[in-house]
Amino acid sequence: MEEKTQPADGRTWYVLHTYSGYEDNVARNLRQRTESMGMEDKIFQVIVPREKKIRVKNGKRRTIDERLFPGYVLVEMIVTEDSWYVVRNTPNVTGFVGSGTTPTPVSKSEIDHLLSRMGDDEPKYKIDVTEGDSVRIMDGPFKEFEGKISDVNDAKGTVKVLVNVFGRETPVELDFLQVKKEG
């Protein structure tokens with residue numbers, strides 16, 4: 001079965017290039033300009049692609065919303081002279097991604113994949129260590145210590161590491177993001 005690249009009404013996704021750090025600003029301005037200039041029939045969705053990621057800082061796990069493609073904004077639109085003008089002249093937009101002055105549409109499969117990635121509420125992180133593995137602790141009070149994994153708790157996302165403290169093996173429970181497999 002052949003995949004259609006454009007729906008019947010001609011709307012397609014395009015990628016805008018913006019100044020890095022101004023993606024949300026561009027999206028907000030473009031939505032306002034679309035409304036104020038009556039272009040809702042040509043410019044439909046404006047998205048800054050984001051994904052939830054887990055970061056560990058000072059031993060605490062935090063979920064952050066991270067831009068997938070800094071400097072880029074997705075826009076679903078029908079390209080006409082008017083709609084192209086509105087988008088192109090939005091502050092901090094440096095252009096469309098494409099060759100020359102012609103914007104290149106993004107395939108439906110790429111957009112679907114991206115939207116499904118953005119739809120994941122819980123960030124996924126694969127624990128790539130097992131019991132007996134040697135690890136280096138990357139964060140927290142035992143930073144730079146080496147040890148062996150004695151237990152892996154997938155549900156909680158934690159590992160127990162046997163660390164040599166004053167000549168004794170001491171079990172330390174850590175977030176799996178705090179350790180890095182050695183070798």
# chains A, B, ... in the order shown; residues from 1 in each chain; ligands from 1
call {"tool": "select_by_dssp", "arguments": {"residues": "range 2-140 of chain A", "states": "strand (DSSP E or B)", "output": "PyMOL selection string"}}
result
chain A and resi 12-18+43-47+50-57+60-67+72-77+93-96+98-99+102-103+106+134-137
call {"tool": "closest_residue", "arguments": {"among": "A:Leu74, A:Phe142, A:Gly10, A:Arg62", "to": "Asp24 in chain A", "atoms": "only C-alpha atoms"}}
result
A:Leu74
call {"tool": "select_by_dssp", "arguments": {"residues": "range 7-182 of chain A", "states": "helix (DSSP H, G or I)", "output": "MDAnalysis selection string"}}
result
chainID A and resid 23:36 81:88 108:119 176:178
call {"tool": "write_last_selection", "arguments": {"atoms": "N, CA and C atoms", "output": "mmCIF file, in the first residue's frame"}}
result
data_model
loop_
_atom_site.group_PDB
_atom_site.id
_atom_site.type_symbol
_atom_site.label_atom_id
_atom_site.label_comp_id
_atom_site.auth_asym_id
_atom_site.auth_seq_id
_atom_site.Cartn_x
_atom_site.Cartn_y
_atom_site.Cartn_z
ATOM 1 N N GLU A 23 12.656 28.920 20.110
ATOM 2 C CA GLU A 23 11.652 28.039 19.519
ATOM 3 C C GLU A 23 10.243 28.306 20.068
ATOM 4 N N ASP A 24 10.108 28.400 21.404
ATOM 5 C CA ASP A 24 8.784 28.636 22.001
ATOM 6 C C ASP A 24 8.258 30.010 21.629
ATOM 7 N N ASN A 25 9.154 30.983 21.595
ATOM 8 C CA ASN A 25 8.822 32.344 21.216
ATOM 9 C C ASN A 25 8.283 32.369 19.780
ATOM 10 N N VAL A 26 8.964 31.689 18.870
ATOM 11 C CA VAL A 26 8.549 31.618 17.466
ATOM 12 C C VAL A 26 7.186 30.939 17.357
ATOM 13 N N ALA A 27 7.004 29.824 18.071
ATOM 14 C CA ALA A 27 5.731 29.100 18.012
ATOM 15 C C ALA A 27 4.584 29.992 18.495
ATOM 16 N N ARG A 28 4.795 30.680 19.610
ATOM 17 C CA ARG A 28 3.758 31.571 20.165
ATOM 18 C C ARG A 28 3.452 32.710 19.174
ATOM 19 N N ASN A 29 4.505 33.369 18.647
ATOM 20 C CA ASN A 29 4.311 34.467 17.693
ATOM 21 C C ASN A 29 3.608 33.999 16.429
ATOM 22 N N LEU A 30 3.994 32.837 15.935
ATOM 23 C CA LEU A 30 3.388 32.326 14.709
ATOM 24 C C LEU A 30 1.904 32.019 14.914
ATOM 25 N N ARG A 31 1.571 31.442 16.077
ATOM 26 C CA ARG A 31 0.148 31.178 16.371
ATOM 27 C C ARG A 31 -0.638 32.491 16.415
ATOM 28 N N GLN A 32 -0.075 33.520 17.063
ATOM 29 C CA GLN A 32 -0.751 34.826 17.157
ATOM 30 C C GLN A 32 -0.902 35.462 15.781
ATOM 31 N N ARG A 33 0.149 35.408 14.977
ATOM 32 C CA ARG A 33 0.116 35.997 13.634
ATOM 33 C C ARG A 33 -0.895 35.268 12.748
ATOM 34 N N THR A 34 -0.957 33.944 12.882
ATOM 35 C CA THR A 34 -1.904 33.148 12.100
ATOM 36 C C THR A 34 -3.323 33.614 12.389
ATOM 37 N N GLU A 35 -3.610 33.814 13.691
ATOM 38 C CA GLU A 35 -4.945 34.235 14.116
ATOM 39 C C GLU A 35 -5.232 35.667 13.663
ATOM 40 N N SER A 36 -4.298 36.587 13.943
ATOM 41 C CA SER A 36 -4.548 37.995 13.641
ATOM 42 C C SER A 36 -4.625 38.265 12.136
ATOM 43 N N GLU A 81 1.476 31.769 -1.324
ATOM 44 C CA GLU A 81 2.315 32.961 -1.212
ATOM 45 C C GLU A 81 2.046 33.683 0.112
ATOM 46 N N ASP A 82 0.751 33.771 0.488
ATOM 47 C CA ASP A 82 0.372 34.476 1.725
ATOM 48 C C ASP A 82 0.855 33.744 2.968
ATOM 49 N N SER A 83 0.600 32.418 3.040
ATOM 50 C CA SER A 83 0.976 31.672 4.254
ATOM 51 C C SER A 83 2.497 31.621 4.387
ATOM 52 N N TRP A 84 3.194 31.493 3.264
ATOM 53 C CA TRP A 84 4.657 31.471 3.277
ATOM 54 C C TRP A 84 5.176 32.801 3.802
ATOM 55 N N TYR A 85 4.542 33.894 3.392
ATOM 56 C CA TYR A 85 4.950 35.233 3.836
ATOM 57 C C TYR A 85 4.770 35.376 5.350
ATOM 58 N N VAL A 86 3.614 34.938 5.864
ATOM 59 C CA VAL A 86 3.323 35.046 7.301
ATOM 60 C C VAL A 86 4.375 34.285 8.116
ATOM 61 N N VAL A 87 4.664 33.056 7.722
ATOM 62 C CA VAL A 87 5.619 32.224 8.457
ATOM 63 C C VAL A 87 7.032 32.794 8.330
ATOM 64 N N ARG A 88 7.427 33.100 7.124
ATOM 65 C CA ARG A 88 8.790 33.560 6.844
ATOM 66 C C ARG A 88 9.120 34.852 7.590
ATOM 67 N N LYS A 108 4.984 11.889 6.278
ATOM 68 C CA LYS A 108 3.992 11.567 7.312
ATOM 69 C C LYS A 108 4.568 10.577 8.325
ATOM 70 N N SER A 109 5.343 9.600 7.857
ATOM 71 C CA SER A 109 5.897 8.594 8.775
ATOM 72 C C SER A 109 6.866 9.239 9.775
ATOM 73 N N GLU A 110 7.667 10.213 9.300
ATOM 74 C CA GLU A 110 8.589 10.900 10.213
ATOM 75 C C GLU A 110 7.820 11.692 11.268
ATOM 76 N N ILE A 111 6.777 12.390 10.835
ATOM 77 C CA ILE A 111 5.960 13.187 11.765
ATOM 78 C C ILE A 111 5.267 12.265 12.764
ATOM 79 N N ASP A 112 4.694 11.151 12.288
ATOM 80 C CA ASP A 112 4.023 10.206 13.190
ATOM 81 C C ASP A 112 4.992 9.675 14.236
ATOM 82 N N HIS A 113 6.216 9.338 13.805
ATOM 83 C CA HIS A 113 7.228 8.833 14.731
ATOM 84 C C HIS A 113 7.568 9.889 15.783
ATOM 85 N N LEU A 114 7.736 11.117 15.342
ATOM 86 C CA LEU A 114 8.072 12.220 16.237
ATOM 87 C C LEU A 114 6.953 12.484 17.232
ATOM 88 N N LEU A 115 5.716 12.509 16.753
ATOM 89 C CA LEU A 115 4.573 12.767 17.634
ATOM 90 C C LEU A 115 4.403 11.643 18.651
ATOM 91 N N SER A 116 4.693 10.400 18.259
ATOM 92 C CA SER A 116 4.581 9.295 19.221
ATOM 93 C C SER A 116 5.675 9.405 20.281
ATOM 94 N N ARG A 117 6.855 9.854 19.884
ATOM 95 C CA ARG A 117 7.954 10.066 20.841
ATOM 96 C C ARG A 117 7.585 11.153 21.843
ATOM 97 N N MET A 118 6.928 12.208 21.345
ATOM 98 C CA MET A 118 6.535 13.313 22.214
ATOM 99 C C MET A 118 5.390 12.910 23.143
ATOM 100 N N GLY A 119 4.589 11.924 22.722
ATOM 101 C CA GLY A 119 3.424 11.520 23.494
ATOM 102 C C GLY A 119 3.746 10.669 24.708
ATOM 103 N N PHE A 176 19.790 4.173 38.984
ATOM 104 C CA PHE A 176 20.614 3.563 37.940
ATOM 105 C C PHE A 176 21.264 4.602 37.029
ATOM 106 N N LEU A 177 20.755 5.845 37.048
ATOM 107 C CA LEU A 177 21.385 6.900 36.241
ATOM 108 C C LEU A 177 22.666 7.422 36.871
ATOM 109 N N GLN A 178 22.918 7.019 38.122
ATOM 110 C CA GLN A 178 24.104 7.485 38.828
ATOM 111 C C GLN A 178 25.317 6.584 38.607
#
call {"tool": "residues_around", "arguments": {"residues": "range 156-171 of chain A", "least_positions_apart": "3", "cutoff": "10 Å", "atoms": "only C-alpha atoms", "output": "PyMOL selection string"}}
result
chain A and resi 125-127+129-137+142+145-153+174-179
call {"tool": "atom_distance", "arguments": {"atom1": "CA of Thr18 in chain A", "atom2": "CA of Ile43 in chain A"}}
result
17.4 Å
